[in-house]
Structures are given as C-alpha cells and as structure tokens.
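All remarks here apply to the structure that follows.
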Amino acid sequence: MGVPVVGTDPMNVRGRWLKRPTAWRKISLQTWRTPDNPTIHGTLEIDTARLQQFLERRSTESGVKCTMTHAVSRALALLLRRHPDCNVLVRRRKIWLRDDVDVFHQVAMPSESEPGRVDLSGATVRQADTKRVEAIAKELRERAAAVRSQSDGEMARTRSLLLRLPGFLTRWMLRVVGWLQYTLNLRVPTTPRDPFGGAMVTSIGMMGIKSAFVPLVTFSRVPIIVVVGQIEDRPVVRDGQIVVRPMCTLTATMDHRVLDGAQAAQLAAGMTRLLEEPERLDDPA
C-alpha cells in the first residue's frame, strides 16, 4: 500500500484497534472518562533551621505561639501580592484578579459527644499580606477557638444548615451558592462573604505526617492549597558535604488553568527564599 494522498484519507489519526486488551485495560476503559482535571502538584523542601529560631523569638516577644504554618501563610500572602496574576478566581471561564489577599486555614473540630470523631472547618485571614507572622498566629488562634465553640457567626450557621440537609440538597445548595457568589459575584447575605479567600494553607505536621497531597475543593474556587508537613532531621548535601538539617516538606495542589509552570516556579523560589531567610517575612508586600 502506498501513502494516502493528503485530503483523501478520512482518518484523523492513522492506526488500528488493539485486538486483545488486557483485563485491566478493559476495566479501566469502562471506569474512567477522558481526563479533564486541571490539577497539578509540586513539592518543596525547606531548611527550617533559621526559621525555627525566628519563630521562637517572635513567640517569646509576642506571647503568641508562632509556627511553621503561620510563616507559610505569611510567605504565601506576600508572594500572591507580589504576583497578582496568581491571586485569582476563575469566573465565566475568564480570570478575575482579586483585590485582597485572603488565606484560608483548615481547622479541626473534635466532637465533644463522640470521642475520636473530627470534623473540618476553617478560618480565613483577611488581607494576610498586611499582617506579620505573630498577628496571623494571634488571629488564627482566636478564630479557631470561635470555630470550635460554634461562635463564628455566619460560618457556624452555614455548617448547621448543611448538617440538616439531605445529601442531594447539599450538592444543589453548594452549586447554587457558588454560582451566585463566584460566577455572578453577588453577596449572599446568609453565607460569609468570600469564605475561602484566594489560597488555602493546612498543616499535617502536627499529626506526624511528612507529606501528603490534598485535592482542590471545587466549591471553594481556590486555585492553590499548600500543605505543611512535619519538621524532621534529614541528611542533606551542603557544599559537597552530607550534613543533618531540620527539613520540612511543603506540598502544593494547583489549578493549571491559572497557574502554569513558570508561575509555580516563581512561587516556589520565593517561598524558599522567604522561609530560609525569615527576616524577609517582615518586608512589605
């Protein structure tokens, strides 16, 4: 057979069917659809020696315990202010640049009536780029206490409503509220204004976990989540020598529609610089 003349071959991709697929291929082909998830992931290793000293000093000076999570929140907020094309929301398949840098933090809510059962909620630090590490630590401590005591206003009422709704109505309500709040950009009086901000930070280090990837929360419309792992001593190479340093793994989940490789690299380089030279955390945004 000769090569078909251009314009006469009806095939877009020349080839043939696989006649004897494996059992696993048959199962997988019937299980999943064509991938349409834009999620990308990344990891970052941070040497925390100087940062730990910085946080201990700030904790002593302020009387508020400052942790790695607070430092990451401050660093991320600074970077989002410096790179406004990363502090965004997807609206109507277009990019909406946020005016404020608000960072959401996961808060665990242990059940008083059912030991061992833990729910998840959260607190958003508004304009986090304008607040120092100790201010973020103080605000989060107070907000987390309000969340756990169910005294955080509109968010508490929203959680209470969701617990009473059946599953199919919960999905419907989340879609409608998200459409009103984010697609139409309307203030919904019965729910908190922009409850999740433009980025999320959560810690798994307190649970003794080194690293993990978390999913983007669809209804939150947040395009980046940073997870703070456990700080532990590890062997690393410095100036050609193997030394032991306190290291922390940060993992990030990002929406590839708004964050590409170049932007992720900018954020990663900036995060490393800010956390390994922690005095920079006091720089203005």
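Residues are referred to by chain and number: the chain letter is A, B, ... according to the order shown in the structure tokens, the number counts from 1 in that chain, and ligands are numbered separately from 1 in the order shown.
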
Once DSSP has gone over the backbone, tell me which residues of region 17-227 of chain A are in strand (DSSP E), as a PyMOL selection string. chain A and resi 39-47+88-91+94-97+103-110+118-125+199-203+224-227

Take the residues from that selection and put them in a file with N, CA and C atoms, as a tab-separated table (two decimals), in the first residue's frame.
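Here's the written file again13.tsv:
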chain	number	residue	atom	x	y	z
A	39	THR	N	-5.71	19.69	37.69
A	39	THR	CA	-4.88	19.78	38.89
A	39	THR	C	-3.43	19.40	38.60
A	40	ILE	N	-2.51	20.21	39.17
A	40	ILE	CA	-1.09	19.88	39.14
A	40	ILE	C	-0.56	19.92	40.57
A	41	HIS	N	0.56	19.21	40.80
A	41	HIS	CA	1.11	19.10	42.15
A	41	HIS	C	2.59	19.45	42.15
A	42	GLY	N	3.09	19.82	43.32
A	42	GLY	CA	4.51	20.10	43.46
A	42	GLY	C	4.95	19.94	44.90
A	43	THR	N	6.25	19.72	45.10
A	43	THR	CA	6.81	19.61	46.44
A	43	THR	C	7.99	20.57	46.57
A	44	LEU	N	8.25	20.96	47.81
A	44	LEU	CA	9.33	21.89	48.11
A	44	LEU	C	9.94	21.50	49.44
A	45	GLU	N	11.27	21.37	49.48
A	45	GLU	CA	11.96	21.03	50.72
A	45	GLU	C	12.56	22.31	51.32
A	46	ILE	N	12.21	22.59	52.57
A	46	ILE	CA	12.65	23.82	53.23
A	46	ILE	C	13.56	23.49	54.41
A	47	ASP	N	14.74	24.12	54.45
A	47	ASP	CA	15.63	24.04	55.60
A	47	ASP	C	15.12	25.03	56.64
A	88	VAL	N	-6.06	34.81	42.05
A	88	VAL	CA	-7.14	34.96	41.08
A	88	VAL	C	-8.33	34.04	41.39
A	89	LEU	N	-9.36	34.27	40.61
A	89	LEU	CA	-10.58	33.47	40.64
A	89	LEU	C	-11.01	33.24	39.20
A	90	VAL	N	-11.45	32.02	38.87
A	90	VAL	CA	-11.99	31.76	37.54
A	90	VAL	C	-13.47	32.06	37.55
A	91	ARG	N	-13.88	33.05	36.75
A	91	ARG	CA	-15.28	33.43	36.62
A	91	ARG	C	-15.67	33.41	35.15
A	94	LYS	N	-13.08	33.02	32.61
A	94	LYS	CA	-12.11	34.10	32.49
A	94	LYS	C	-11.45	34.32	33.85
A	95	ILE	N	-10.31	35.01	33.84
A	95	ILE	CA	-9.53	35.21	35.06
A	95	ILE	C	-9.94	36.52	35.73
A	96	TRP	N	-10.29	36.43	37.01
A	96	TRP	CA	-10.68	37.59	37.81
A	96	TRP	C	-9.56	37.83	38.83
A	97	LEU	N	-8.91	39.00	38.74
A	97	LEU	CA	-7.82	39.34	39.66
A	97	LEU	C	-8.41	39.85	40.97
A	103	VAL	N	-6.25	34.36	53.02
A	103	VAL	CA	-5.76	32.98	53.08
A	103	VAL	C	-6.61	32.18	54.06
A	104	PHE	N	-7.14	31.07	53.57
A	104	PHE	CA	-7.99	30.19	54.37
A	104	PHE	C	-7.13	29.12	55.05
A	105	HIS	N	-7.47	28.78	56.30
A	105	HIS	CA	-6.75	27.76	57.05
A	105	HIS	C	-7.73	26.71	57.56
A	106	GLN	N	-7.37	25.45	57.38
A	106	GLN	CA	-8.21	24.37	57.88
A	106	GLN	C	-8.16	24.34	59.41
A	107	VAL	N	-9.30	24.08	60.02
A	107	VAL	CA	-9.41	23.97	61.48
A	107	VAL	C	-10.11	22.66	61.82
A	108	ALA	N	-9.46	21.82	62.61
A	108	ALA	CA	-10.07	20.56	63.06
A	108	ALA	C	-11.03	20.84	64.19
A	109	MET	N	-12.18	20.16	64.16
A	109	MET	CA	-13.22	20.34	65.18
A	109	MET	C	-13.53	18.99	65.84
A	110	PRO	N	-12.80	18.63	66.90
A	110	PRO	CA	-13.10	17.36	67.60
A	110	PRO	C	-14.50	17.39	68.19
A	118	VAL	N	-13.76	13.72	64.25
A	118	VAL	CA	-13.26	15.06	63.99
A	118	VAL	C	-13.86	15.58	62.69
A	119	ASP	N	-14.43	16.79	62.76
A	119	ASP	CA	-14.96	17.45	61.57
A	119	ASP	C	-13.95	18.49	61.12
A	120	LEU	N	-14.13	19.01	59.92
A	120	LEU	CA	-13.24	20.04	59.40
A	120	LEU	C	-14.03	21.31	59.13
A	121	SER	N	-13.45	22.43	59.52
A	121	SER	CA	-13.98	23.73	59.15
A	121	SER	C	-12.77	24.60	58.84
A	122	GLY	N	-12.91	25.89	59.01
A	122	GLY	CA	-11.75	26.72	58.71
A	122	GLY	C	-11.96	28.17	59.08
A	123	ALA	N	-10.89	28.93	58.96
A	123	ALA	CA	-10.91	30.36	59.25
A	123	ALA	C	-10.07	31.08	58.21
A	124	THR	N	-10.54	32.22	57.75
A	124	THR	CA	-9.85	32.98	56.72
A	124	THR	C	-9.20	34.22	57.32
A	125	VAL	N	-7.91	34.37	57.08
A	125	VAL	CA	-7.19	35.58	57.49
A	125	VAL	C	-7.30	36.58	56.34
A	199	ALA	N	-6.42	31.44	48.58
A	199	ALA	CA	-5.45	30.35	48.77
A	199	ALA	C	-5.77	29.66	50.09
A	200	MET	N	-5.33	28.41	50.20
A	200	MET	CA	-5.52	27.65	51.44
A	200	MET	C	-4.18	27.16	51.95
A	201	VAL	N	-4.07	27.12	53.29
A	201	VAL	CA	-2.90	26.53	53.95
A	201	VAL	C	-3.42	25.57	55.02
A	202	THR	N	-2.85	24.38	55.07
A	202	THR	CA	-3.23	23.42	56.11
A	202	THR	C	-1.99	22.68	56.57
A	203	SER	N	-2.01	22.20	57.80
A	203	SER	CA	-0.85	21.53	58.38
A	203	SER	C	-1.17	20.07	58.69
A	224	ILE	N	-5.12	27.27	44.72
A	224	ILE	CA	-3.86	26.77	45.28
A	224	ILE	C	-4.04	26.39	46.75
A	225	ILE	N	-3.56	25.21	47.11
A	225	ILE	CA	-3.54	24.75	48.50
A	225	ILE	C	-2.12	24.33	48.84
A	226	VAL	N	-1.59	24.83	49.95
A	226	VAL	CA	-0.25	24.47	50.41
A	226	VAL	C	-0.38	23.67	51.70
A	227	VAL	N	0.28	22.52	51.74
A	227	VAL	CA	0.23	21.63	52.90
A	227	VAL	C	1.60	21.64	53.59

Residues of region 60-168 of chain A at most 12 Å from region 250-273 of chain A: nearest atom pair and distance in Å, only C-alpha atoms, as a tab-separated table:
residue	atom	partner	partner_atom	distance
A:Met68	CA	A:Leu250	CA	10.4
A:Thr69	CA	A:Leu250	CA	10.2
A:Ala71	CA	A:Met271	CA	10.0
A:Val72	CA	A:Met271	CA	7.8
A:Ser73	CA	A:Met271	CA	10.2
A:Arg74	CA	A:Met271	CA	9.9
A:Ala75	CA	A:Met271	CA	6.2
A:Leu76	CA	A:Met271	CA	7.0
A:Ala77	CA	A:Met271	CA	10.2
A:Leu78	CA	A:Gly270	CA	9.2
A:Leu79	CA	A:Leu267	CA	6.5
A:Leu80	CA	A:Leu267	CA	8.2
A:Arg81	CA	A:Leu267	CA	11.1
A:Arg82	CA	A:Leu267	CA	9.7
A:His83	CA	A:Leu267	CA	8.4
A:Pro84	CA	A:Gln263	CA	10.6
A:Asp85	CA	A:Val258	CA	8.1
A:Cys86	CA	A:Leu259	CA	6.5
A:Asn87	CA	A:Val258	CA	9.2
A:Val88	CA	A:Val258	CA	7.6
A:Leu89	CA	A:Val258	CA	8.4
A:Val90	CA	A:Val258	CA	7.9
A:Arg91	CA	A:Val258	CA	11.4
A:Arg93	CA	A:Arg257	CA	9.4
A:Lys94	CA	A:Val258	CA	9.5
A:Ile95	CA	A:Val258	CA	7.5
A:Trp96	CA	A:Val258	CA	10.1
A:Leu97	CA	A:Val258	CA	10.7

For the residues in the current selection, export C-alpha atoms as a PDB file, in the first residue's frame.
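Contents of out-v6.pdb, freshly written:
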ATOM      1  CA  MET A  68       5.659  26.898  60.574  1.00  0.00           C
ATOM      2  CA  THR A  69       2.064  27.154  59.355  1.00  0.00           C
ATOM      3  CA  ALA A  71       5.164  31.515  58.499  1.00  0.00           C
ATOM      4  CA  VAL A  72       3.975  29.708  55.358  1.00  0.00           C
ATOM      5  CA  SER A  73       0.726  31.671  55.430  1.00  0.00           C
ATOM      6  CA  ARG A  74       2.619  34.962  55.662  1.00  0.00           C
ATOM      7  CA  ALA A  75       5.047  33.956  52.909  1.00  0.00           C
ATOM      8  CA  LEU A  76       2.265  32.810  50.583  1.00  0.00           C
ATOM      9  CA  ALA A  77       0.336  36.043  51.152  1.00  0.00           C
ATOM     10  CA  LEU A  78       3.405  38.147  50.329  1.00  0.00           C
ATOM     11  CA  LEU A  79       4.010  36.165  47.144  1.00  0.00           C
ATOM     12  CA  LEU A  80       0.404  36.457  45.999  1.00  0.00           C
ATOM     13  CA  ARG A  81       0.577  40.232  46.471  1.00  0.00           C
ATOM     14  CA  ARG A  82       3.837  40.395  44.515  1.00  0.00           C
ATOM     15  CA  HIS A  83       2.453  38.154  41.774  1.00  0.00           C
ATOM     16  CA  PRO A  84      -1.170  39.310  41.388  1.00  0.00           C
ATOM     17  CA  ASP A  85      -1.732  37.032  38.374  1.00  0.00           C
ATOM     18  CA  CYS A  86      -1.573  34.125  40.865  1.00  0.00           C
ATOM     19  CA  ASN A  87      -4.139  35.656  43.248  1.00  0.00           C
ATOM     20  CA  VAL A  88      -7.137  34.956  41.078  1.00  0.00           C
ATOM     21  CA  LEU A  89     -10.581  33.466  40.639  1.00  0.00           C
ATOM     22  CA  VAL A  90     -11.988  31.758  37.535  1.00  0.00           C
ATOM     23  CA  ARG A  91     -15.280  33.429  36.623  1.00  0.00           C
ATOM     24  CA  ARG A  93     -14.075  30.870  32.085  1.00  0.00           C
ATOM     25  CA  LYS A  94     -12.109  34.104  32.488  1.00  0.00           C
ATOM     26  CA  ILE A  95      -9.534  35.212  35.064  1.00  0.00           C
ATOM     27  CA  TRP A  96     -10.680  37.586  37.809  1.00  0.00           C
ATOM     28  CA  LEU A  97      -7.822  39.335  39.657  1.00  0.00           C
TER      29      LEU A  97
END

Determine, counting only C-alpha atoms, which protein, DNA and RNA residues have an atom within 12 Å of an atom of Trp179 (chain A); residues of the same chain fewer than 2 positions away are not included. Present the result as a list in words. Val90, Arg91, Arg92, Trp172, Met173, Leu174, Arg175, Val176, Val177, Gln181, Tyr182, Thr183, Leu184, Asn185, Leu186, Arg187, Val188, Thr218, Phe219, Ser220 and Arg221 of chain A

Near Gln127 (chain A), counting only C-alpha atoms, which residues have an atom at most 6 Å away, once you skip same-chain residues fewer than 2 positions from it, shown as a VMD selection string? chain A and resid 100 to 102 129 to 130

As an MDAnalysis selection string, list the residues of region 23-248 of chain A assigned to alpha helix (DSSP H) by DSSP on the backbone atoms of this structure. chainID A and resid 23:31 49:62 68:82 133:148 154:164 167:178

What would the file look like if the residues just selected were written as a short mmCIF file (atom, residue, chain, number, x, y, z; two decimals), in the first residue's frame with C-alpha atoms?
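Below is the file that was written, out-v1.cif:
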data_model
loop_
_atom_site.label_atom_id
_atom_site.label_comp_id
_atom_site.auth_asym_id
_atom_site.auth_seq_id
_atom_site.Cartn_x
_atom_site.Cartn_y
_atom_site.Cartn_z
CA ALA A 23 -8.41 -7.44 31.60
CA TRP A 24 -7.17 -4.37 33.47
CA ARG A 25 -7.33 -2.23 30.34
CA LYS A 26 -10.90 -3.35 29.69
CA ILE A 27 -11.87 -2.49 33.27
CA SER A 28 -10.09 0.87 33.29
CA LEU A 29 -11.52 1.94 29.93
CA GLN A 30 -15.02 1.37 31.29
CA THR A 31 -14.25 3.01 34.65
CA ALA A 49 17.00 25.98 60.99
CA ARG A 50 16.88 29.79 60.80
CA LEU A 51 13.09 29.86 60.61
CA GLN A 52 12.68 27.91 63.85
CA GLN A 53 14.91 30.39 65.67
CA PHE A 54 12.93 33.25 64.13
CA LEU A 55 9.60 31.73 65.22
CA GLU A 56 10.84 31.05 68.76
CA ARG A 57 11.99 34.65 69.06
CA ARG A 58 8.68 36.01 67.77
CA SER A 59 6.73 33.69 70.07
CA THR A 60 8.67 34.97 73.08
CA GLU A 61 8.32 38.62 72.08
CA SER A 62 4.60 38.46 71.29
CA MET A 68 5.66 26.90 60.57
CA THR A 69 2.06 27.15 59.36
CA HIS A 70 1.88 30.84 60.28
CA ALA A 71 5.16 31.51 58.50
CA VAL A 72 3.97 29.71 55.36
CA SER A 73 0.73 31.67 55.43
CA ARG A 74 2.62 34.96 55.66
CA ALA A 75 5.05 33.96 52.91
CA LEU A 76 2.27 32.81 50.58
CA ALA A 77 0.34 36.04 51.15
CA LEU A 78 3.41 38.15 50.33
CA LEU A 79 4.01 36.17 47.14
CA LEU A 80 0.40 36.46 46.00
CA ARG A 81 0.58 40.23 46.47
CA ARG A 82 3.84 40.40 44.52
CA VAL A 133 3.61 36.34 61.44
CA GLU A 134 2.64 36.95 65.07
CA ALA A 135 -0.52 38.83 64.04
CA ILE A 136 -1.56 35.91 61.83
CA ALA A 137 -0.84 33.48 64.70
CA LYS A 138 -2.94 35.51 67.15
CA GLU A 139 -5.84 35.91 64.74
CA LEU A 140 -5.88 32.23 63.83
CA ARG A 141 -5.79 31.17 67.48
CA GLU A 142 -8.82 33.35 68.22
CA ARG A 143 -10.67 32.34 65.06
CA ALA A 144 -10.00 28.63 65.62
CA ALA A 145 -11.40 28.91 69.16
CA ALA A 146 -14.54 30.55 67.76
CA VAL A 147 -14.90 27.81 65.13
CA ARG A 148 -14.62 25.03 67.70
CA GLU A 154 -22.32 33.10 59.53
CA MET A 155 -19.94 30.17 59.06
CA ALA A 156 -21.45 28.38 62.09
CA ARG A 157 -24.96 28.91 60.75
CA THR A 158 -23.93 27.61 57.33
CA ARG A 159 -22.40 24.44 58.87
CA SER A 160 -25.55 23.89 60.91
CA LEU A 161 -27.73 24.18 57.79
CA LEU A 162 -25.52 21.77 55.81
CA LEU A 163 -25.72 19.15 58.58
CA ARG A 164 -29.53 19.22 58.42
CA GLY A 167 -27.16 14.78 50.51
CA PHE A 168 -28.80 15.66 47.18
CA LEU A 169 -29.95 19.05 48.52
CA THR A 170 -26.47 19.75 49.90
CA ARG A 171 -24.97 19.34 46.44
CA TRP A 172 -27.67 21.54 44.93
CA MET A 173 -27.21 24.25 47.56
CA LEU A 174 -23.41 24.30 47.14
CA ARG A 175 -23.78 24.70 43.39
CA VAL A 176 -26.37 27.47 43.66
CA VAL A 177 -24.47 29.42 46.32
CA GLY A 178 -21.21 29.02 44.41
#

Which distance in Å separates CA of Pro235 (chain A) and CA of Cys248 (chain A), to one decimal? 12.3 Å

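Among the candidate residues A:Arg126, A:Lys131, A:Thr67, A:Val243, the one lying nearest to Gln230 (chain A) is A:Thr67, with distances computed using only C-alpha atoms.
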
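Coordinates place CA of Arg280 (chain A) at a distance of 23.9 Å from CA of Asp233 (chain A).
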
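Taking CA of Pro246 (chain A) and CA of Phe213 (chain A) as the two end points, the separation is 21.1 Å.
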
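Distance annotation: of A:Thr48, A:Ser151, A:Ile231, A:Ala285, the residue with the minimal separation from Ile204 (chain A) is A:Ile231; atom set is only C-alpha atoms.
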